[in-house]
$ cat run-v3.csv   # CSV, C-alpha atoms and all ligand atoms
chain,number,residue,atom,x,y,z
A,213,MET,CA,100.7,-155.4,67.9
A,214,SER,CA,100.3,-158.0,70.6
A,215,GLY,CA,103.3,-160.1,71.3
A,216,ASN,CA,102.2,-161.5,74.7
A,217,PRO,CA,103.4,-165.1,75.0
A,218,ASP,CA,100.6,-165.8,77.5
A,219,ASP,CA,98.1,-164.9,74.8
A,220,VAL,CA,97.4,-168.6,73.9
A,221,GLU,CA,93.8,-169.6,73.2
A,222,PRO,CA,92.4,-173.0,72.3
A,223,ALA,CA,93.3,-173.9,68.7
A,224,VAL,CA,90.6,-173.4,66.1
A,225,GLY,CA,89.3,-176.8,65.0
A,226,ALA,CA,87.5,-175.3,62.0
A,227,LEU,CA,90.9,-174.8,60.3
A,228,ARG,CA,91.1,-178.6,59.5
A,229,TYR,CA,87.9,-178.3,57.5
A,230,GLU,CA,89.4,-175.4,55.6
A,231,ARG,CA,92.5,-177.4,54.8
A,232,ARG,CA,90.6,-180.4,53.7
A,233,GLN,CA,88.7,-178.2,51.3
A,234,MET,CA,91.9,-177.3,49.5
A,235,LEU,CA,93.2,-180.9,49.1
A,236,PRO,CA,93.1,-182.2,45.5
A,237,LYS,CA,90.1,-184.3,44.7
A,238,THR,CA,92.4,-187.3,44.1
A,239,THR,CA,93.8,-187.6,47.6
A,240,MET,CA,93.4,-191.4,47.2
A,241,CYS,CA,95.8,-192.9,44.8
A,242,ASN,CA,94.3,-195.8,42.8
A,243,ASP,CA,97.2,-198.1,43.6
A,244,LYS,CA,96.5,-201.4,45.4
A,245,LEU,CA,98.9,-200.3,48.1
A,246,HIS,CA,96.8,-197.2,49.0
A,247,GLN,CA,95.4,-198.7,52.2
A,248,PHE,CA,98.9,-199.8,53.2
A,249,LEU,CA,100.3,-196.4,52.5
A,250,GLN,CA,97.6,-194.8,54.6
A,251,ALA,CA,98.3,-197.2,57.5
A,252,LEU,CA,102.1,-196.9,57.4
A,253,PRO,CA,103.4,-194.9,60.4
A,254,LYS,CA,105.2,-191.9,59.0
A,255,CYS,CA,107.9,-189.5,60.0
A,256,GLU,CA,107.7,-185.9,58.7
A,257,HIS,CA,111.1,-184.1,58.7
A,258,HIS,CA,110.4,-181.3,56.2
A,259,VAL,CA,107.3,-179.1,56.8
A,260,HIS,CA,107.5,-175.4,57.3
A,261,ILE,CA,104.8,-174.4,59.8
A,262,GLU,CA,104.2,-171.2,57.9
A,263,GLY,CA,103.7,-173.2,54.8
A,264,THR,CA,100.5,-174.7,56.3
A,265,ILE,CA,98.5,-171.5,56.1
A,266,SER,CA,95.7,-172.0,53.6
A,267,PRO,CA,94.3,-169.0,51.7
A,268,GLU,CA,91.1,-169.2,53.8
A,269,LEU,CA,93.1,-169.1,57.0
A,270,PHE,CA,95.3,-166.3,55.7
A,271,PHE,CA,92.3,-164.1,54.9
A,272,ARG,CA,90.6,-165.0,58.3
A,273,LEU,CA,93.7,-164.2,60.4
A,274,ALA,CA,94.5,-161.1,58.4
A,275,SER,CA,91.0,-159.8,59.1
A,276,LYS,CA,91.1,-160.8,62.8
A,277,ASN,CA,94.5,-159.1,63.2
A,278,GLY,CA,93.7,-156.0,61.1
A,279,ILE,CA,96.3,-156.7,58.5
A,280,THR,CA,96.0,-154.9,55.2
A,281,LEU,CA,96.4,-157.3,52.2
A,282,PRO,CA,98.6,-156.2,49.2
A,283,SER,CA,96.4,-154.1,47.0
A,284,ASP,CA,98.6,-154.2,43.9
A,285,ASP,CA,98.2,-158.0,43.2
A,286,PRO,CA,94.8,-159.4,42.1
A,287,ALA,CA,95.8,-162.7,43.7
A,288,PHE,CA,94.8,-161.1,47.0
A,289,ASP,CA,91.3,-160.3,45.9
A,290,SER,CA,89.9,-163.5,47.5
A,291,PRO,CA,91.0,-166.9,48.8
A,292,ALA,CA,89.9,-168.4,45.5
A,293,ALA,CA,92.1,-166.0,43.5
A,294,LEU,CA,95.0,-166.9,45.8
A,295,HIS,CA,94.4,-170.6,45.3
A,296,ALA,CA,94.4,-170.0,41.5
A,297,ARG,CA,97.7,-168.2,41.8
A,298,TYR,CA,99.2,-171.1,43.7
A,299,GLN,CA,98.5,-173.3,40.7
A,300,ASN,CA,101.0,-171.3,38.6
A,301,PHE,CA,104.3,-170.9,40.5
A,302,THR,CA,107.2,-170.6,38.2
A,303,SER,CA,110.1,-171.1,40.6
A,304,LEU,CA,111.1,-171.3,44.2
A,305,ASP,CA,111.5,-167.5,44.4
A,306,ASP,CA,108.1,-166.9,42.9
A,307,PHE,CA,106.6,-169.2,45.6
A,308,LEU,CA,108.7,-167.5,48.4
A,309,HIS,CA,107.2,-164.1,47.5
A,310,TYR,CA,103.7,-165.4,48.4
A,311,TYR,CA,105.0,-167.6,51.3
A,312,PHE,CA,106.5,-164.6,53.1
A,313,ILE,CA,103.4,-162.4,52.6
A,314,GLY,CA,101.5,-165.3,54.3
A,315,PHE,CA,103.5,-164.6,57.5
A,316,SER,CA,102.0,-161.1,57.8
A,317,ALA,CA,98.7,-162.5,59.2
A,318,LEU,CA,100.5,-164.4,62.1
A,319,ILE,CA,100.6,-162.0,65.1
A,320,ASN,CA,99.7,-163.7,68.4
A,321,ALA,CA,100.9,-166.8,70.2
A,322,SER,CA,97.3,-168.1,69.7
A,323,ASP,CA,97.8,-167.8,65.9
A,324,PHE,CA,100.9,-170.0,66.0
A,325,GLU,CA,99.2,-172.4,68.4
A,326,ALA,CA,96.2,-172.8,66.1
A,327,LEU,CA,98.4,-173.2,63.0
A,328,THR,CA,100.7,-175.8,64.6
A,329,TYR,CA,98.0,-177.8,66.4
A,330,ASP,CA,95.9,-178.0,63.3
A,331,TYR,CA,98.8,-179.2,61.2
A,332,LEU,CA,99.6,-181.8,63.9
A,333,ALA,CA,96.0,-183.1,63.9
A,334,LEU,CA,95.9,-183.3,60.2
A,335,ALA,CA,99.2,-185.1,60.0
A,336,TYR,CA,98.2,-187.5,62.7
A,337,SER,CA,95.1,-188.4,60.7
A,338,GLN,CA,97.6,-189.5,58.0
A,339,ASN,CA,99.5,-191.6,60.6
A,340,VAL,CA,102.4,-189.2,61.1
A,341,TYR,CA,103.8,-190.4,64.4
A,342,HIS,CA,107.0,-188.2,64.5
A,343,ALA,CA,107.0,-184.6,63.2
A,344,GLU,CA,110.0,-182.3,63.0
A,345,ILE,CA,108.7,-178.8,62.1
A,346,PHE,CA,110.6,-176.0,60.6
A,347,PHE,CA,109.9,-172.3,61.4
A,348,ASP,CA,111.5,-169.1,60.2
A,349,PRO,CA,112.0,-166.8,63.3
A,350,GLN,CA,113.8,-164.0,61.4
A,351,ALA,CA,110.8,-163.3,59.2
A,352,HIS,CA,108.6,-162.9,62.4
A,353,ILE,CA,111.1,-161.0,64.5
A,354,SER,CA,111.7,-158.4,61.7
A,355,ARG,CA,107.9,-157.6,61.9
A,356,ASN,CA,108.0,-157.2,65.6
A,357,VAL,CA,106.6,-160.6,66.5
A,358,PRO,CA,109.1,-161.8,69.1
A,359,TYR,CA,110.7,-165.2,69.1
A,360,HIS,CA,109.1,-166.0,72.5
A,361,THR,CA,105.6,-165.4,71.0
A,362,ILE,CA,106.2,-167.9,68.2
A,363,ILE,CA,107.6,-170.6,70.4
A,364,ALA,CA,105.0,-170.1,73.1
A,365,GLY,CA,102.3,-170.8,70.6
A,366,MET,CA,104.1,-173.7,69.0
A,367,ASN,CA,104.8,-175.2,72.5
A,368,ALA,CA,101.2,-174.9,73.5
A,369,ALA,CA,100.2,-176.9,70.4
A,370,LYS,CA,102.8,-179.5,71.2
A,371,ALA,CA,101.5,-179.8,74.8
A,372,ARG,CA,97.9,-180.2,73.5
A,373,ALA,CA,99.1,-182.8,71.0
A,374,ALA,CA,100.8,-184.8,73.8
A,375,VAL,CA,97.3,-185.3,75.3
A,376,GLU,CA,95.1,-185.5,72.3
A,377,LEU,CA,97.4,-187.2,69.7
A,378,PRO,CA,99.1,-189.7,72.0
A,379,LYS,CA,101.3,-191.6,69.5
A,380,LEU,CA,102.8,-188.4,68.1
A,381,SER,CA,106.2,-187.0,69.0
A,382,VAL,CA,106.9,-183.4,67.9
A,383,GLU,CA,110.2,-181.4,67.5
A,384,PHE,CA,110.9,-177.9,66.3
A,385,ILE,CA,113.8,-176.7,64.1
A,386,PRO,CA,114.4,-172.9,63.4
A,387,CYS,CA,115.7,-172.1,59.9
A,388,LEU,CA,118.0,-169.2,59.1
A,389,LEU,CA,116.8,-167.3,55.9
A,390,ARG,CA,119.3,-167.0,53.0
A,391,HIS,CA,117.6,-164.0,51.4
A,392,LEU,CA,118.6,-162.0,54.5
A,393,PRO,CA,122.2,-160.8,55.3
A,394,VAL,CA,124.5,-163.2,57.1
A,395,PRO,CA,124.8,-160.9,60.2
A,396,SER,CA,121.0,-161.3,60.7
A,397,ALA,CA,121.6,-165.0,60.9
A,398,HIS,CA,124.2,-164.5,63.5
A,399,GLU,CA,121.8,-162.3,65.5
A,400,LEU,CA,119.2,-165.0,65.3
A,401,LEU,CA,121.6,-167.6,66.5
A,402,GLU,CA,122.6,-165.4,69.4
A,403,GLU,CA,119.0,-165.0,70.4
A,404,LEU,CA,118.2,-168.7,70.1
A,405,LEU,CA,121.3,-169.6,72.2
A,406,ALA,CA,120.4,-167.0,74.8
A,407,SER,CA,116.9,-168.7,75.1
A,408,GLY,CA,118.6,-171.9,76.2
A,409,HIS,CA,116.1,-173.7,73.9
A,410,PHE,CA,118.7,-175.9,72.1
A,411,PHE,CA,119.6,-177.4,75.4
A,412,ASP,CA,116.2,-177.9,77.2
A,413,GLY,CA,114.5,-179.9,74.4
A,414,THR,CA,112.5,-177.0,72.9
A,415,LEU,CA,114.6,-176.9,69.7
A,416,VAL,CA,116.0,-180.2,68.3
A,417,GLY,CA,118.4,-178.7,65.6
A,418,PHE,CA,119.2,-175.8,63.3
A,419,GLY,CA,118.4,-175.4,59.6
A,420,MET,CA,118.5,-173.0,56.7
A,421,SER,CA,116.0,-172.3,53.9
A,422,SER,CA,114.7,-169.7,51.5
A,423,THR,CA,116.3,-168.8,48.1
A,424,GLU,CA,119.1,-171.1,47.0
A,425,LEU,CA,120.7,-170.0,43.7
A,426,GLY,CA,123.9,-167.9,44.5
A,427,LYS,CA,123.7,-168.9,48.2
A,428,HIS,CA,126.7,-171.2,48.4
A,429,PRO,CA,127.2,-173.0,51.8
A,430,SER,CA,130.5,-171.2,52.4
A,431,LEU,CA,128.5,-168.0,53.1
A,432,TYR,CA,127.0,-169.7,56.2
A,433,LYS,CA,130.0,-171.6,57.5
A,434,SER,CA,130.6,-169.0,60.3
A,435,VAL,CA,127.0,-169.3,61.5
A,436,TYR,CA,127.1,-173.1,61.6
A,437,ASP,CA,130.5,-173.1,63.2
A,438,ALA,CA,129.3,-170.8,65.9
A,439,ALA,CA,126.3,-172.9,66.6
A,440,LYS,CA,128.4,-176.1,66.7
A,441,ALA,CA,130.9,-174.4,69.0
A,442,ALA,CA,128.0,-173.4,71.3
A,443,GLY,CA,126.9,-177.0,71.6
A,444,VAL,CA,124.1,-177.3,69.1
A,445,GLY,CA,123.9,-180.9,68.0
A,446,ASN,CA,121.9,-181.4,64.9
A,447,PHE,CA,122.3,-179.5,61.6
A,448,THR,CA,120.5,-179.5,58.3
A,449,ALA,CA,120.2,-177.2,55.3
A,450,HIS,CA,118.0,-176.9,52.2
A,451,TYR,CA,120.2,-177.6,49.2
A,452,GLY,CA,119.9,-179.4,45.8
A,453,GLU,CA,116.3,-178.1,45.4
A,454,GLU,CA,117.1,-175.7,42.6
A,455,GLY,CA,120.8,-175.4,43.1
A,456,PRO,CA,123.5,-177.8,41.8
A,457,SER,CA,124.8,-181.0,43.4
A,458,ASP,CA,128.0,-179.2,44.3
A,459,TYR,CA,126.0,-177.1,46.8
A,460,VAL,CA,125.0,-180.4,48.5
A,461,LYS,CA,128.6,-181.7,48.4
A,462,ASP,CA,129.9,-178.4,49.9
A,463,ALA,CA,127.2,-178.3,52.5
A,464,LEU,CA,128.3,-181.7,53.7
A,465,SER,CA,131.9,-180.7,54.0
A,466,LEU,CA,131.5,-177.2,55.4
A,467,LEU,CA,128.4,-177.1,57.6
A,468,ASN,CA,128.4,-180.3,59.8
A,469,VAL,CA,125.0,-181.3,58.4
A,470,SER,CA,123.7,-184.8,59.1
A,471,ARG,CA,120.9,-184.4,56.6
A,472,ILE,CA,120.0,-182.3,53.5
A,473,ASP,CA,116.5,-180.9,52.9
A,474,HIS,CA,115.4,-181.7,49.4
A,475,GLY,CA,118.8,-182.8,48.0
A,476,ARG,CA,117.1,-184.0,44.9
A,477,ARG,CA,119.8,-182.8,42.5
A,478,SER,CA,122.4,-184.9,44.4
A,479,ALA,CA,121.4,-187.7,41.9
A,480,GLU,CA,123.3,-185.7,39.2
A,481,ASP,CA,126.7,-186.7,40.8
A,482,VAL,CA,127.5,-190.5,41.2
A,483,ASP,CA,130.3,-189.8,43.6
A,484,LEU,CA,127.9,-187.8,45.8
A,485,ILE,CA,125.3,-190.5,45.7
A,486,ALA,CA,127.9,-192.9,47.0
A,487,GLN,CA,129.0,-190.4,49.7
A,488,LEU,CA,125.4,-189.9,50.9
A,489,ALA,CA,124.9,-193.7,51.1
A,490,GLU,CA,128.2,-194.2,52.9
A,491,SER,CA,127.5,-191.5,55.5
A,492,ALA,CA,123.8,-192.4,55.9
A,493,THR,CA,122.9,-188.8,55.3
A,494,MET,CA,119.2,-188.5,55.0
A,495,LEU,CA,117.6,-186.4,52.2
A,496,THR,CA,114.2,-185.0,53.1
A,497,LEU,CA,112.5,-185.2,49.7
A,498,CYS,CA,109.4,-183.2,48.9
A,499,PRO,CA,107.8,-184.6,45.7
A,500,LEU,CA,104.8,-182.3,45.2
A,501,SER,CA,106.9,-179.3,46.0
A,502,ASN,CA,109.4,-180.2,43.3
A,503,VAL,CA,106.7,-180.6,40.7
A,504,VAL,CA,104.7,-177.4,41.7
A,505,LEU,CA,107.8,-175.3,41.8
A,506,LYS,CA,109.0,-176.6,38.4
A,507,GLY,CA,112.2,-178.2,39.7
A,508,VAL,CA,111.1,-181.2,37.7
A,509,ASP,CA,108.6,-181.5,34.8
A,510,ARG,CA,107.0,-184.7,36.1
A,511,MET,CA,106.8,-186.7,39.3
A,512,GLN,CA,108.6,-189.5,37.4
A,513,ASP,CA,111.7,-187.3,37.1
A,514,ILE,CA,112.3,-187.4,40.9
A,515,PRO,CA,115.2,-189.8,41.3
A,516,ILE,CA,113.4,-192.1,43.8
A,517,ARG,CA,114.6,-195.4,42.1
A,518,GLU,CA,118.2,-194.2,41.9
A,519,PHE,CA,118.2,-193.3,45.6
A,520,LEU,CA,116.6,-196.6,46.6
A,521,ASP,CA,118.9,-198.7,44.5
A,522,ALA,CA,122.0,-196.8,45.8
A,523,ASN,CA,120.9,-197.1,49.4
A,524,VAL,CA,120.6,-193.3,49.9
A,525,ARG,CA,118.4,-192.7,53.0
A,526,PHE,CA,115.5,-190.4,52.4
A,527,SER,CA,112.1,-189.5,53.8
A,528,ILE,CA,109.1,-188.2,51.9
A,529,ASN,CA,107.6,-184.9,53.1
A,530,SER,CA,105.1,-182.1,52.4
A,531,ASP,CA,107.3,-178.9,52.6
A,532,ASP,CA,104.5,-176.3,52.3
A,533,PRO,CA,101.3,-178.3,52.0
A,534,ALA,CA,98.9,-175.4,51.9
A,535,TYR,CA,100.7,-174.1,48.8
A,536,PHE,CA,101.5,-177.4,47.0
A,537,GLY,CA,98.2,-179.2,47.0
A,538,GLY,CA,98.9,-182.0,49.5
A,539,TYR,CA,100.0,-183.1,52.9
A,540,ILE,CA,102.2,-186.1,53.6
A,541,GLN,CA,99.7,-188.8,52.5
A,542,GLU,CA,99.2,-187.1,49.1
A,543,ASN,CA,103.0,-187.0,48.6
A,544,TYR,CA,103.2,-190.8,49.4
A,545,CYS,CA,100.4,-191.5,47.0
A,546,ALA,CA,102.0,-189.3,44.2
A,547,ILE,CA,105.2,-191.3,44.6
A,548,GLN,CA,103.4,-194.6,44.5
A,549,GLU,CA,101.4,-193.6,41.4
A,550,ALA,CA,104.6,-192.5,39.6
A,551,PHE,CA,106.9,-195.4,40.6
A,552,GLY,CA,104.7,-198.4,41.6
A,553,LEU,CA,107.0,-199.2,44.5
A,554,ALA,CA,106.8,-202.6,46.3
A,555,VAL,CA,106.1,-203.0,50.0
A,556,GLU,CA,109.8,-203.8,50.5
A,557,ASP,CA,110.7,-200.4,49.1
A,558,TRP,CA,108.3,-198.7,51.5
A,559,GLU,CA,109.7,-200.7,54.3
A,560,LYS,CA,113.2,-199.4,53.5
A,561,ILE,CA,111.9,-195.8,53.3
A,562,ALA,CA,110.0,-196.1,56.6
A,563,ARG,CA,113.0,-197.7,58.4
A,564,GLY,CA,115.4,-195.1,57.0
A,565,ALA,CA,113.2,-192.2,58.0
A,566,ILE,CA,113.1,-193.5,61.6
A,567,ALA,CA,116.8,-194.0,61.7
A,568,GLY,CA,117.4,-190.5,60.4
A,569,SER,CA,115.0,-188.9,62.9
A,570,TRP,CA,116.3,-186.6,65.6
A,571,CYS,CA,114.8,-188.4,68.6
A,572,SER,CA,116.0,-190.8,71.2
A,573,LEU,CA,116.9,-194.5,70.6
A,574,LEU,CA,113.9,-195.5,72.7
A,575,ARG,CA,111.6,-193.4,70.6
A,576,LYS,CA,113.1,-194.9,67.4
A,577,GLU,CA,112.4,-198.4,68.8
A,578,GLN,CA,108.8,-197.4,69.5
A,579,LEU,CA,108.4,-196.1,65.9
A,580,LEU,CA,110.0,-199.2,64.5
A,581,SER,CA,107.6,-201.4,66.4
A,582,GLU,CA,104.6,-199.4,65.0
A,583,VAL,CA,106.0,-199.9,61.5
A,584,ASP,CA,106.5,-203.6,62.2
A,585,SER,CA,102.9,-204.1,63.2
A,586,VAL,CA,101.7,-202.6,60.0
A,587,LEU,CA,104.2,-204.6,57.9
A,588,GLN,CA,103.1,-207.9,59.6
A,589,GLU,CA,99.5,-207.3,58.3
A,590,TRP,CA,100.8,-206.8,54.7
A,591,ASN,CA,103.4,-209.5,54.4
B,601,LIG,N1,112.8,-174.2,49.8
B,601,LIG,C1,113.5,-173.2,50.4
B,601,LIG,N2,112.9,-172.5,51.4
B,601,LIG,C2,111.6,-172.7,51.7
B,601,LIG,C3,110.9,-173.7,51.1
B,601,LIG,C4,111.6,-174.5,50.1
B,601,LIG,O1,111.0,-175.5,49.5
B,601,LIG,N3,109.7,-173.7,51.7
B,601,LIG,C5,109.7,-172.8,52.6
B,601,LIG,N4,110.9,-172.2,52.6
B,602,ZN,ZN,111.5,-176.6,52.6
$ encode --input "run-v3.csv" --output "structure tokens"
Amino acid sequence: MSGNPDDVEPAVGALRYERRQMLPKTTMCNDKLHQFLQALPKCEHHVHIEGTISPELFFRLASKNGITLPSDDPAFDSPAALHARYQNFTSLDDFLHYYFIGFSALINASDFEALTYDYLALAYSQNVYHAEIFFDPQAHISRNVPYHTIIAGMNAAKARAAVELPKLSVEFIPCLLRHLPVPSAHELLEELLASGHFFDGTLVGFGMSSTELGKHPSLYKSVYDAAKAAGVGNFTAHYGEEGPSDYVKDALSLLNVSRIDHGRRSAEDVDLIAQLAESATMLTLCPLSNVVLKGVDRMQDIPIREFLDANVRFSINSDDPAYFGGYIQENYCAIQEAFGLAVEDWEKIARGAIAGSWCSLLRKEQLLSEVDSVLQEWN
């Protein structure tokens, strides 16, 4: 297995075509605000880079890297069979089973570069101007793909984006994985701290993802405390996706988090809603993900109106777009079709997403002025 960080090739542009092929036929919503929603400058705070591997790309990389596909599951007979399986997820854990198999095809820095650059180019075509990207180092390191291989590839994509996608800022956030033992999370933290990457601008914060039920925030307090003591500045955690609002409340009090990924179920607790609004904690909502993973029956069941009315800050994100049938624009459109929001609602969402971003004040001002230009055209 090659783990040479210098092994970075130009990204493969054809991937974008493969991704477009898998988008739902209705990527345009019929709403009168569609053009506005397309033009609106966006911040993406919740996308897992490994969740951007389409079935076509998975098959191609697996073949290139000599990876044997699981033979005991007919979903791996063809990309089409895998697409079909992705239409029928029953839960977060059912999805995670396929998501982590998808990792097996990623071996070289060039694989991570191609994956990351291609996501960035696609997101930019939807007017994402600031992207904070999650990745899951433990699930690569455990297959002998070193951390420095992953980050070399992702950094090469970021450097290319700085030239070719000039209005885009890019940040990276490693996530610890809750299905693995807590000592493994401490080992990851030690490796990340030893890299110096939290302090040289390579990593902007620290997050936590994977299975949720039964994984109370108290289990990870020692890891978050150690990161905080070492000087890591920004913390987030996936909670309130499948798990109860108490997990969100306890994550806020135990883990020093300034945002919550998903957090949808926070709406079940009126006191928590007030606390989120008061503390300006941002929720990184992922509408299509919630519908596809059966967290809600219908898009209309996502508490968008409740959060807007209570001044809870949130952004709208794609999570794992290759698995859930849409990138950020498709999520914006799905929300608009379900809720018929007004331009003022979108202005509030856009301004809140910029305020909650992990970037400099100067960068926030630049993003705000981009939003203002589009708003001027629509007001
Ligand atoms: N939830 C938890 N872990 C994840 C997700 C998610 O939606 N996507 C990728 N890892
Ligand atoms: Zn997620």
$ residues_around --input "run-v3.csv" --residues "A:Leu388" --least-positions-apart "6" --cutoff "7 Å" --atoms "all atoms listed in the file" --output "ChimeraX atom specification"
/A:348,397,419-421
$ atom_distance --input "run-v3.csv" --atom1 "atom CA of A:Leu249" --atom2 "atom CA of A:Val503"
20.7 Å
$ closest_atom_pairs --input "run-v3.csv" --of "chain A" --to "ligand LIG 601 (chain B)" --cutoff "6 Å" --atoms "only C-alpha atoms and all ligand atoms" --output "CSV"
residue,atom,partner,partner_atom,distance
A:His260,CA,B:LIG601,C5,5.8
A:Ser421,CA,B:LIG601,N2,4.0
A:Ser422,CA,B:LIG601,N2,3.3
A:Thr423,CA,B:LIG601,C1,5.7
A:Asp531,CA,B:LIG601,N3,5.8
A:Asp532,CA,B:LIG601,N3,5.8
$ residues_near_ligand --input "run-v3.csv" --ligand "ligand ZN 602 (chain B)" --cutoff "12 Å" --atoms "all atoms listed in the file" --output "VMD selection string"
chain A and resid 256 to 264 304 307 to 308 311 344 to 348 385 to 389 419 to 424 448 to 454 472 to 475 495 to 502 505 528 to 533 535 to 536
$ atom_distance --input "run-v3.csv" --atom1 "atom CA of A:Ala442" --atom2 "atom CA of A:Ser396"
17.5 Å
$ residues_around --input "run-v3.csv" --residues "A:Ala479" --least-positions-apart "4" --cutoff "10 Å" --atoms "all atoms listed in the file" --output "VMD selection string"
chain A and resid 452 457 475 483 to 486 514 to 516 518 to 519 522 524
$ atom_distance --input "run-v3.csv" --atom1 "atom CA of A:Pro429" --atom2 "atom CA of A:Val460"
8.4 Å
$ residues_around --input "run-v3.csv" --residues "stretch 556-569 of chain A" --least-positions-apart "6" --cutoff "7 Å" --atoms "all atoms listed in the file" --output "list in words"
Lys254, Cys255, Met494, Arg525, Phe526, Ser527, Lys576, Leu579 and Leu580 of chain A
$ write_last_selection --input "run-v3.csv" --atoms "C-alpha atoms" --output "PDB file, in the coordinates of the input"
ATOM      1  CA  LYS A 254     105.200-191.900  59.000  1.00  0.00           C
ATOM      2  CA  CYS A 255     107.900-189.500  60.000  1.00  0.00           C
ATOM      3  CA  MET A 494     119.200-188.500  55.000  1.00  0.00           C
ATOM      4  CA  ARG A 525     118.400-192.700  53.000  1.00  0.00           C
ATOM      5  CA  PHE A 526     115.500-190.400  52.400  1.00  0.00           C
ATOM      6  CA  SER A 527     112.100-189.500  53.800  1.00  0.00           C
ATOM      7  CA  LYS A 576     113.100-194.900  67.400  1.00  0.00           C
ATOM      8  CA  LEU A 579     108.400-196.100  65.900  1.00  0.00           C
ATOM      9  CA  LEU A 580     110.000-199.200  64.500  1.00  0.00           C
TER      10      LEU A 580
END
$ closest_residue --input "run-v3.csv" --among "A:Ile313, A:Ala293, A:Ile265, A:Asp306" --to "A:Thr280" --atoms "all atoms listed in the file"
A:Ile313
$ closest_residue --input "run-v3.csv" --among "A:Thr361, A:Ser572, A:Thr302, A:Ser581" --to "A:Glu383" --atoms "only C-alpha atoms"
A:Ser572
$ closest_residue --input "run-v3.csv" --among "A:Arg372, A:Arg575, A:His246, A:Lys433" --to "A:Tyr544" --atoms "only C-alpha atoms"
A:His246
$ residues_near_point --input "run-v3.csv" --point "(113.3, -177.7, 69.6)" --cutoff "10 Å" --atoms "all atoms listed in the file" --output "ChimeraX atom specification"
/A:344-346,363,367,382-386,409-418
$ write_last_selection --input "run-v3.csv" --atoms "C-alpha atoms" --output "PDB file, in the coordinates of the input"
ATOM      1  CA  GLU A 344     110.000-182.300  63.000  1.00  0.00           C
ATOM      2  CA  ILE A 345     108.700-178.800  62.100  1.00  0.00           C
ATOM      3  CA  PHE A 346     110.600-176.000  60.600  1.00  0.00           C
ATOM      4  CA  ILE A 363     107.600-170.600  70.400  1.00  0.00           C
ATOM      5  CA  ASN A 367     104.800-175.200  72.500  1.00  0.00           C
ATOM      6  CA  VAL A 382     106.900-183.400  67.900  1.00  0.00           C
ATOM      7  CA  GLU A 383     110.200-181.400  67.500  1.00  0.00           C
ATOM      8  CA  PHE A 384     110.900-177.900  66.300  1.00  0.00           C
ATOM      9  CA  ILE A 385     113.800-176.700  64.100  1.00  0.00           C
ATOM     10  CA  PRO A 386     114.400-172.900  63.400  1.00  0.00           C
ATOM     11  CA  HIS A 409     116.100-173.700  73.900  1.00  0.00           C
ATOM     12  CA  PHE A 410     118.700-175.900  72.100  1.00  0.00           C
ATOM     13  CA  PHE A 411     119.600-177.400  75.400  1.00  0.00           C
ATOM     14  CA  ASP A 412     116.200-177.900  77.200  1.00  0.00           C
ATOM     15  CA  GLY A 413     114.500-179.900  74.400  1.00  0.00           C
ATOM     16  CA  THR A 414     112.500-177.000  72.900  1.00  0.00           C
ATOM     17  CA  LEU A 415     114.600-176.900  69.700  1.00  0.00           C
ATOM     18  CA  VAL A 416     116.000-180.200  68.300  1.00  0.00           C
ATOM     19  CA  GLY A 417     118.400-178.700  65.600  1.00  0.00           C
ATOM     20  CA  PHE A 418     119.200-175.800  63.300  1.00  0.00           C
TER      21      PHE A 418
END
$ closest_residue --input "run-v3.csv" --among "A:Tyr298, A:Tyr359, A:Tyr329, A:Phe288" --to "A:Ala534" --atoms "only C-alpha atoms"
A:Tyr298
$ closest_residue --input "run-v3.csv" --among "A:Ala333, A:Ala439, A:Asn242, A:Phe301" --to "A:Ala546" --atoms "all atoms listed in the file"
A:Asn242
$ closest_residue --input "run-v3.csv" --among "A:Lys379, A:His398, A:Arg517, A:Lys440" --to "A:Ser337" --atoms "only C-alpha atoms"
A:Lys379
$ residues_near_point --input "run-v3.csv" --point "(94.5, -161.3, 58.4)" --cutoff "12 Å" --atoms "all atoms listed in the file" --output "PyMOL selection string"
chain A and resi 265-282+288+291+313-320+323
